[in-house]
file protein-v9.txt (compact mmCIF, C-alpha atoms)
# COMPACT_ATOMS: atom_id res chain seq x y z
CA MET A 1 54.93 115.99 53.95
CA LYS A 2 52.56 113.11 53.45
CA ALA A 3 51.61 110.53 56.03
CA LYS A 4 52.57 107.02 54.94
CA LYS A 5 51.81 104.78 57.89
CA ALA A 6 50.34 105.09 61.37
CA SER A 7 50.30 102.81 64.39
CA CYS A 8 48.11 103.37 67.46
CA GLY A 9 49.20 102.03 70.84
CA SER A 10 47.47 102.11 74.20
CA VAL A 11 48.51 105.66 75.08
CA HIS A 12 50.46 106.97 72.09
CA SER A 13 50.80 106.76 68.32
CA LEU A 14 53.63 106.56 65.80
CA ILE A 15 53.39 108.09 62.34
CA MET A 16 55.75 107.87 59.39
CA PHE A 17 55.79 110.93 57.13
CA GLU A 18 57.52 111.37 53.80
CA ASN A 19 58.78 114.84 52.89
CA LYS A 20 58.93 116.35 49.40
CA GLN A 21 62.45 115.04 48.94
CA GLY A 22 61.25 111.50 49.59
CA LYS A 23 62.89 111.30 53.01
CA GLU A 24 60.99 109.42 55.70
CA LEU A 25 60.54 110.92 59.16
CA LEU A 26 59.15 109.01 62.13
CA TYR A 27 57.03 111.01 64.59
CA SER A 28 55.74 109.99 68.01
CA VAL A 29 52.41 111.42 69.19
CA GLY A 30 51.27 111.76 72.79
CA ILE A 31 52.68 113.15 76.02
CA LYS A 32 54.40 111.96 79.18
CA ILE A 33 52.21 109.95 81.59
CA GLY A 34 53.33 110.43 85.20
CA SER A 35 57.05 109.76 84.97
CA GLU A 36 56.75 107.58 81.86
CA TYR A 37 57.89 108.93 78.51
CA ALA A 38 60.31 106.32 77.10
CA HIS A 39 57.65 104.97 74.73
CA LEU A 40 57.73 108.34 72.92
CA GLY A 41 61.41 107.95 71.99
CA VAL A 42 62.38 111.54 72.82
CA GLU A 43 63.84 113.50 75.71
CA GLU A 44 61.64 114.30 78.71
CA GLU A 45 61.37 118.00 77.90
CA MET A 46 59.86 117.27 74.49
CA ALA A 47 57.59 114.56 75.88
CA GLU A 48 55.91 116.93 78.34
CA ASP A 49 55.15 119.74 75.88
CA GLN A 50 51.34 119.73 75.79
CA GLU A 51 51.22 122.49 73.20
CA HIS A 52 53.15 120.30 70.76
CA PRO A 53 52.17 116.70 71.56
CA PHE A 54 54.09 115.30 68.57
CA ARG A 55 57.68 115.46 67.43
CA GLU A 56 60.20 113.68 65.21
CA VAL A 57 62.02 110.73 66.77
CA ALA A 58 65.44 111.91 65.68
CA THR A 59 67.12 108.58 66.51
CA PHE A 60 65.81 107.20 63.24
CA ASN A 61 66.47 110.28 61.13
CA ASP A 62 69.11 108.68 58.91
CA ARG A 63 68.02 105.09 59.19
CA ASN A 64 66.05 102.79 56.96
CA VAL A 65 62.90 102.15 59.01
CA VAL A 66 61.28 99.02 57.56
CA ASP A 67 58.35 98.83 59.97
CA PHE A 68 57.20 100.04 63.37
CA LEU A 69 54.59 99.39 66.04
CA ALA A 70 53.16 101.46 68.87
CA HIS A 71 52.24 99.04 71.64
CA ASP A 72 51.28 99.12 75.31
CA GLN A 73 53.53 101.99 76.50
CA ALA A 74 56.28 100.65 74.24
CA SER A 75 57.44 101.28 70.68
CA LEU A 76 59.14 98.81 68.35
CA VAL A 77 61.02 99.76 65.18
CA ILE A 78 62.56 97.44 62.60
CA ILE A 79 65.64 98.91 60.91
CA GLY A 80 66.86 97.54 57.61
CA GLY A 81 70.45 97.45 56.44
CA GLY A 82 72.17 94.86 58.63
CA ALA A 83 74.30 95.15 61.74
CA THR A 84 76.16 98.31 60.76
CA ASP A 85 72.93 100.22 60.51
CA ALA A 86 72.31 99.68 64.22
CA GLU A 87 75.65 101.20 65.29
CA ASN A 88 75.20 104.16 67.59
CA LEU A 89 71.51 103.36 67.87
CA TYR A 90 71.65 104.01 71.61
CA ALA A 91 73.93 107.04 71.40
CA HIS A 92 72.64 109.73 73.73
CA LYS A 93 73.60 112.74 75.80
CA LEU A 94 74.47 112.27 79.49
CA PRO A 95 73.26 114.73 82.15
CA GLU A 96 76.66 116.46 82.21
CA GLY A 97 76.47 116.95 78.45
CA LYS A 98 78.86 114.21 77.30
CA LYS A 99 77.82 111.86 74.52
CA ALA A 100 77.70 108.13 75.28
CA LYS A 101 76.79 104.80 73.67
CA GLY A 102 74.92 101.87 75.22
CA LEU A 103 71.85 101.52 77.37
CA LEU A 104 72.99 101.37 80.98
CA HIS A 105 74.71 104.13 82.95
CA LEU A 106 75.03 104.27 86.72
CA TYR A 107 75.26 107.47 88.71
CA LYS A 108 75.74 108.26 92.37
CA MET B 1 60.73 81.54 61.73
CA LEU B 2 59.04 83.01 64.75
CA TYR B 3 60.80 84.56 67.74
CA GLU B 4 59.19 85.65 71.00
CA THR B 5 60.02 87.51 74.18
CA GLY B 6 58.23 89.03 77.16
CA SER B 7 55.68 87.59 79.51
CA MET B 8 52.11 86.54 79.03
CA GLU B 9 49.47 86.22 81.71
CA GLY B 10 48.05 82.73 81.98
CA GLY B 11 51.15 80.99 80.72
CA GLY B 12 53.95 81.73 78.35
CA THR B 13 57.45 83.02 78.25
CA SER B 14 58.93 85.34 80.82
CA HIS B 15 62.41 86.31 79.83
CA GLY B 16 64.28 89.28 78.54
CA LYS B 17 65.56 88.13 75.17
CA PHE B 18 64.11 86.85 71.94
CA THR B 19 64.08 83.08 71.54
CA LYS B 20 63.06 81.00 68.56
CA VAL B 21 59.68 79.27 68.73
CA ALA B 22 60.59 75.75 67.72
CA SER B 23 57.04 74.38 67.42
CA PHE B 24 56.48 75.29 63.80
CA LYS B 25 57.87 73.45 60.79
CA GLU B 26 55.99 75.58 58.26
CA LYS B 27 56.60 79.27 57.50
CA VAL B 28 54.56 81.73 59.52
CA ARG B 29 52.06 83.77 57.47
CA PHE B 30 50.41 85.90 60.19
CA VAL B 31 50.84 86.71 63.87
CA ALA B 32 48.10 88.37 65.93
CA ILE B 33 49.15 89.50 69.40
CA ALA B 34 46.92 90.90 72.14
CA LYS B 35 47.45 91.62 75.83
CA THR B 36 47.02 88.00 76.94
CA SER B 37 47.05 85.94 73.74
CA ALA B 38 49.04 85.06 70.65
CA ILE B 39 47.65 83.60 67.42
CA VAL B 40 49.81 82.26 64.61
CA VAL B 41 48.68 81.30 61.10
CA LEU B 42 51.10 79.15 59.12
CA GLU B 43 51.56 79.06 55.35
CA ASN B 44 49.58 75.81 55.27
CA ASN B 45 46.63 77.70 56.81
CA GLN B 46 46.86 75.98 60.19
CA ILE B 47 45.99 78.19 63.17
CA PHE B 48 47.71 77.96 66.57
CA TYR B 49 46.97 79.84 69.80
CA ARG B 50 48.43 80.29 73.26
CA GLY B 51 47.85 82.41 76.34
CA GLU B 52 44.95 83.21 78.61
CA SER B 53 41.40 82.53 77.52
CA ILE B 54 39.21 85.48 78.42
CA ASP B 55 35.51 84.71 78.14
CA HIS B 56 35.79 81.74 75.77
CA HIS B 57 38.46 83.17 73.53
CA PHE B 58 39.92 79.68 73.34
CA PRO B 59 38.32 76.20 73.25
CA ASN B 60 36.82 75.11 76.60
CA ASP B 61 37.89 78.52 77.93
CA GLU B 62 41.28 77.02 78.86
CA TRP B 63 44.61 78.84 78.86
CA LYS B 64 47.47 77.22 76.97
CA GLY B 65 51.13 77.68 77.78
CA ALA B 66 52.20 76.03 74.52
CA PHE B 67 50.96 76.75 71.01
CA THR B 68 47.89 74.60 70.37
CA ARG B 69 46.04 73.91 67.12
CA LEU B 70 42.69 75.58 66.54
CA LYS B 71 40.40 74.24 63.82
CA LEU B 72 37.82 76.53 62.26
CA TRP B 73 36.58 73.98 59.76
CA SER B 74 35.71 70.42 60.80
CA ASP B 75 35.71 69.29 57.17
CA SER B 76 38.85 70.16 55.21
CA ALA B 77 36.73 70.47 52.03
CA ASP B 78 35.16 73.60 53.55
CA GLU B 79 38.47 75.22 54.41
CA GLN B 80 39.23 78.71 53.09
CA LYS B 81 42.55 80.52 53.01
CA ILE B 82 43.01 83.09 55.77
CA VAL B 83 44.06 86.43 54.26
CA ASP B 84 43.92 88.67 57.34
CA ILE B 85 43.69 88.16 61.10
CA THR B 86 43.64 90.36 64.20
CA SER B 87 43.25 89.94 67.94
CA GLY B 88 41.67 92.27 70.48
CA HIS B 89 41.40 91.75 74.23
CA GLY B 90 39.74 88.33 74.47
CA PHE B 91 38.77 87.85 70.83
CA THR B 92 40.14 87.14 67.37
CA LEU B 93 38.75 87.86 63.90
CA ALA B 94 39.93 86.22 60.67
CA VAL B 95 39.13 87.05 57.03
CA THR B 96 39.13 84.37 54.34
CA ASP B 97 39.84 84.64 50.62
CA ALA B 98 36.14 83.99 49.97
CA GLY B 99 35.30 87.24 51.76
CA ASN B 100 33.99 85.64 54.94
CA LEU B 101 34.65 86.82 58.47
CA TRP B 102 35.20 84.35 61.32
CA GLY B 103 35.24 85.31 64.98
CA TRP B 104 35.93 83.69 68.32
CA GLY B 105 35.90 85.07 71.84
CA ARG B 106 32.56 85.69 73.54
CA ARG B 107 33.52 89.20 74.65
CA PHE B 108 33.23 90.57 71.12
CA LEU B 109 30.64 88.14 69.78
CA GLU B 110 28.27 89.12 72.58
CA ALA B 111 28.87 92.81 71.88
CA ILE B 112 27.63 92.28 68.30
CA GLY B 113 24.73 90.00 69.26
CA GLN B 114 26.23 86.86 67.73
CA GLU B 115 27.01 85.00 70.98
CA SER B 116 29.00 81.80 70.77
CA ASN B 117 31.54 79.96 72.89
CA THR B 118 33.16 78.51 69.77
CA PRO B 119 34.47 80.04 66.52
CA LYS B 120 31.74 81.01 64.09
CA GLN B 121 31.31 82.64 60.72
CA LEU B 122 29.90 86.09 61.38
CA LYS B 123 26.94 87.71 59.65
CA LEU B 124 27.85 90.60 57.35
CA PRO B 125 25.65 93.17 55.62
CA ARG B 126 23.98 91.58 52.60
CA GLY B 127 25.97 91.51 49.36
CA GLN B 128 29.26 92.47 51.05
CA LEU B 129 32.54 90.62 51.07
CA CYS B 130 35.04 91.10 53.88
CA ARG B 131 38.59 91.99 52.79
CA ARG B 132 40.45 93.34 55.86
CA VAL B 133 39.96 93.48 59.61
CA TRP B 134 41.22 95.49 62.60
CA ALA B 135 40.51 94.88 66.32
CA ALA B 136 40.73 97.37 69.17
CA THR B 137 43.26 96.16 71.73
CA GLY B 138 41.89 97.86 74.83
CA THR B 139 40.25 96.13 77.77
CA GLU B 140 37.32 98.58 77.75
CA SER B 141 36.26 98.46 74.09
CA PRO B 142 35.28 95.18 72.40
CA CYS B 143 35.24 96.82 69.01
CA ALA B 144 36.38 95.96 65.47
CA PHE B 145 36.56 97.43 61.98
CA ILE B 146 36.27 95.61 58.69
CA GLU B 147 36.71 96.64 55.08
CA LEU B 148 33.76 95.42 53.03
CA GLU B 149 33.61 95.18 49.26
CA ASP B 150 30.27 95.37 47.47
CA SER B 151 30.04 92.12 45.52
CA GLU B 152 28.39 93.87 42.55
CA SER B 153 30.05 97.29 42.27
CA GLY B 154 33.40 96.43 43.88
CA THR B 155 33.13 99.58 46.02
CA LYS B 156 34.95 99.31 49.33
CA ALA B 157 34.06 100.97 52.64
CA ILE B 158 35.01 100.71 56.31
CA TYR B 159 32.43 99.37 58.77
CA SER B 160 32.56 99.01 62.56
CA ALA B 161 30.71 97.06 65.26
CA GLY B 162 30.96 96.43 68.99
CA LYS B 163 31.09 98.73 71.98
CA SER B 164 33.11 101.82 72.88
CA GLU B 165 32.35 104.58 75.35
CA LYS B 166 34.98 106.87 73.83
CA GLY B 167 33.80 107.07 70.22
CA LEU B 168 35.99 104.39 68.72
CA LEU B 169 33.09 103.02 66.66
CA GLY B 170 33.27 106.21 64.57
CA GLN B 171 29.57 106.02 63.79
CA GLY B 172 28.62 109.50 64.96
CA VAL B 173 27.80 111.46 68.07
CA ASN B 174 27.07 109.32 71.11
CA VAL B 175 26.98 105.98 69.26
CA LYS B 176 28.52 103.74 71.89
CA GLU B 177 27.21 100.40 70.74
CA SER B 178 26.53 98.77 67.38
CA LYS B 179 25.50 95.15 67.08
CA ASP B 180 25.50 95.30 63.28
CA PHE B 181 28.50 96.24 61.20
CA LYS B 182 27.71 99.78 60.01
CA LYS B 183 29.62 102.27 57.86
CA ILE B 184 31.72 104.73 59.80
CA GLN B 185 30.57 108.37 59.53
CA LEU B 186 33.17 110.28 57.57
CA GLY B 187 31.25 113.49 56.98
CA ALA B 188 32.97 113.87 53.61
CA LYS B 189 32.43 112.15 50.29
CA ASP B 190 35.01 110.31 48.22
CA VAL B 191 37.43 109.81 51.09
CA VAL B 192 39.31 106.55 50.79
CA PHE B 193 41.40 105.26 53.65
CA THR B 194 44.51 103.55 52.36
CA GLN B 195 45.90 102.64 55.77
CA MET B 196 44.43 102.36 59.24
CA SER B 197 45.48 101.42 62.77
CA LEU B 198 43.45 100.76 65.90
CA GLY B 199 44.89 101.11 69.37
CA ALA B 200 43.31 100.52 72.76
CA GLU B 201 40.82 103.38 72.50
CA SER B 202 41.93 105.39 69.48
CA ALA B 203 42.17 105.03 65.72
CA ILE B 204 44.18 106.77 63.01
CA ALA B 205 43.64 106.42 59.27
CA ILE B 206 45.47 107.85 56.26
CA ASP B 207 43.52 108.89 53.18
CA SER B 208 44.62 108.72 49.56
CA GLU B 209 45.98 112.30 49.79
CA GLY B 210 48.28 111.33 52.65
CA LEU B 211 46.20 113.21 55.24
CA LEU B 212 45.59 111.86 58.72
CA TRP B 213 42.18 111.22 60.28
CA GLY B 214 41.55 110.19 63.87
CA TRP B 215 38.79 109.33 66.30
CA GLY B 216 38.21 107.75 69.70
CA HIS B 217 40.01 108.76 72.88
CA ASN B 218 42.54 111.62 72.75
CA ASP B 219 43.72 111.21 76.34
CA GLN B 220 47.51 111.70 76.65
CA GLN B 221 47.00 113.61 73.37
CA ARG B 222 47.60 110.39 71.50
CA LEU B 223 45.86 111.83 68.42
CA GLY B 224 48.09 114.89 68.45
CA LEU B 225 45.26 117.25 69.38
CA ALA B 226 46.15 119.76 72.09
CA ASP B 227 42.59 119.85 73.44
CA VAL B 228 41.34 116.63 75.03
CA VAL B 229 37.64 115.84 74.62
CA GLU B 230 36.73 113.76 77.66
CA THR B 231 33.78 112.11 75.93
CA GLY B 232 35.89 111.03 72.99
CA ILE B 233 35.71 111.88 69.28
CA HIS B 234 32.78 109.92 67.84
CA ARG B 235 33.44 110.31 64.13
CA PRO B 236 36.64 110.46 62.10
CA MET B 237 38.02 113.99 61.86
CA LYS B 238 41.06 115.34 60.07
CA LEU B 239 43.94 115.62 62.52
CA TYR B 240 44.57 119.28 61.73
CA SER B 241 47.60 119.72 63.94
CA LEU B 242 49.42 116.77 62.43
CA ASN B 243 48.20 117.56 58.92
CA GLN B 244 49.79 121.02 59.25
CA LEU B 245 53.09 119.21 58.92
CA ALA B 246 52.00 118.34 55.39
CA GLU B 247 51.65 122.00 54.38

call {"tool": "encode", "arguments": {"input": "protein-v9.txt", "output": "structure tokens"}}
result
Amino acid sequence: MKAKKASCGSVHSLIMFENKQGKELLYSVGIKIGSEYAHLGVEEEMAEDQEHPFREVATFNDRNVVDFLAHDQASLVIIGGGATDAENLYAHKLPEGKKAKGLLHLYK
Amino acid sequence: MLYETGSMEGGGTSHGKFTKVASFKEKVRFVAIAKTSAIVVLENNQIFYRGESIDHHFPNDEWKGAFTRLKLWSDSADEQKIVDITSGHGFTLAVTDAGNLWGWGRRFLEAIGQESNTPKQLKLPRGQLCRRVWAATGTESPCAFIELEDSESGTKAIYSAGKSEKGLLGQGVNVKESKDFKKIQLGAKDVVFTQMSLGAESAIAIDSEGLLWGWGHNDQQRLGLADVVETGIHRPMKLYSLNQLAE
């Protein structure tokens, strides 16, 4: 892979790689700070692995990432392709293993 | 069109959704955002600012809640097109098409020995034209990088100036202050950085082979290195762990 673009934030970095097939892969670099890891865009377990302080942000694996920015404990990504490209953007696994869409879930 | 969201100390928006900034009739060419300030350059070369003024970042050291015009040139005949702009914590640097570098914000200007409470054209190494600029965004490091082009040979190189305790200047072991813009210490010949980013206390650059280089603070392993050097990394080094992904 070749690095194509990097962005440094206050406590983390984002790097876009391109593999030999021309596919782009977005990586976040850095580890969990206290209880904060959302800026890294991955699950907690990956964010606290100090032996491997970088990993692919799989959310954007099949998306057209136009640009990105690592900021002050936040990450911003611009996705090209219109509204349909953002479908399932917030799809994620719930604690009991089910898959869900959307940002907000309440638990007892 | 420009949209904004979030909150800004010293005045500004404080809401949770993007709203259109209606102040501008012209297209926006550049936006430079820092922790407490926002700078906008329009297609007609007009500059606007808003936010908190830290140490004379803005005229009369006053914060502005609404975008306000900033004039670099009193005479329009002297005006040059802005081709790059960046903001750090309490300062802004702008590059013109004539290869000049302008700066405002005492915090950085003092760090490079060119004190001023108003915008000024900054001194560069002799025979060099400024082409690009990057500012560190952290509150601890008034530090900036510029790409200079030799006016005779056309050779380009990256220079840095300012202050950083954690090696962000990239000028070698224990260089924590540089009033003059000096070349960063690469330790390897013929390396050309094609892309670069500065964070609060760290920097990453990509060379023409697609390999990553980094320097500055590796706390929170933000450079991808498993071992954290408390004193910082004072010269650009290849980020071997990330570059292994390229193999």

call {"tool": "residues_around", "arguments": {"input": "protein-v9.txt", "residues": "A:Asn64", "least_positions_apart": "5", "cutoff": "7 Å", "atoms": "all atoms listed in the file", "output": "list in words"}}
result
Ile79, Gly80 and Gly81 of chain A

call {"tool": "closest_atom_pairs", "arguments": {"input": "protein-v9.txt", "of": "chain A", "to": "chain B", "cutoff": "12 Å", "atoms": "all atoms listed in the file", "output": "tab-separated table"}}
result
residue	atom	partner	partner_atom	distance
A:Met1	CA	B:Ala246	CA	4.0
A:Lys2	CA	B:Gly210	CA	4.7
A:Ala3	CA	B:Gly210	CA	4.8
A:Lys4	CA	B:Gly210	CA	6.5
A:Lys5	CA	B:Gln195	CA	6.6
A:Ala6	CA	B:Ser197	CA	6.2
A:Ser7	CA	B:Ser197	CA	5.3
A:Cys8	CA	B:Gly199	CA	4.4
A:Gly9	CA	B:Gly199	CA	4.6
A:Ser10	CA	B:Ala200	CA	4.7
A:Val11	CA	B:Arg222	CA	6.0
A:His12	CA	B:Arg222	CA	4.5
A:Ser13	CA	B:Arg222	CA	5.8
A:Leu14	CA	B:Arg222	CA	9.1
A:Ile15	CA	B:Ile204	CA	9.3
A:Met16	CA	B:Gly210	CA	10.6
A:Phe17	CA	B:Ala246	CA	8.5
A:Glu18	CA	B:Ala246	CA	9.0
A:Asn19	CA	B:Ala246	CA	8.0
A:Lys20	CA	B:Ala246	CA	9.4
A:Leu25	CA	B:Leu245	CA	11.1
A:Tyr27	CA	B:Leu242	CA	9.8
A:Ser28	CA	B:Arg222	CA	8.9
A:Val29	CA	B:Arg222	CA	5.4
A:Gly30	CA	B:Arg222	CA	4.1
A:Ile31	CA	B:Gln220	CA	5.4
A:Lys32	CA	B:Gln220	CA	7.3
A:Ile33	CA	B:Gln220	CA	7.0
A:Gly34	CA	B:Gln220	CA	10.4
A:Glu36	CA	B:Gln220	CA	11.4
A:Tyr37	CA	B:Gln220	CA	10.9
A:His39	CA	B:Arg222	CA	11.9
A:Leu40	CA	B:Arg222	CA	10.4
A:Ala47	CA	B:Gln220	CA	10.5
A:Glu48	CA	B:Gln220	CA	10.0
A:Asp49	CA	B:Ala226	CA	9.8
A:Gln50	CA	B:Ala226	CA	6.4
A:Glu51	CA	B:Ala226	CA	5.9
A:His52	CA	B:Ala226	CA	7.1
A:Pro53	CA	B:Gly224	CA	5.4
A:Phe54	CA	B:Gly224	CA	6.0
A:Arg55	CA	B:Gly224	CA	9.7
A:Glu56	CA	B:Leu245	CA	11.0
A:Phe68	CA	B:Ser197	CA	11.8
A:Leu69	CA	B:Ser197	CA	9.9
A:Ala70	CA	B:Gly199	CA	8.3
A:His71	CA	B:Gly199	CA	8.0
A:Asp72	CA	B:Lys35	CA	8.4
A:Gln73	CA	B:Ala200	CA	11.0

call {"tool": "atom_distance", "arguments": {"input": "protein-v9.txt", "atom1": "atom CA of B:Gln185", "atom2": "atom CA of B:Ile158"}}
result
9.4 Å

call {"tool": "atom_distance", "arguments": {"input": "protein-v9.txt", "atom1": "atom CA of B:Ser76", "atom2": "atom CA of B:Asn44"}}
result
12.1 Å

call {"tool": "atom_distance", "arguments": {"input": "protein-v9.txt", "atom1": "atom CA of B:Phe48", "atom2": "atom CA of B:Thr68"}}
result
5.1 Å
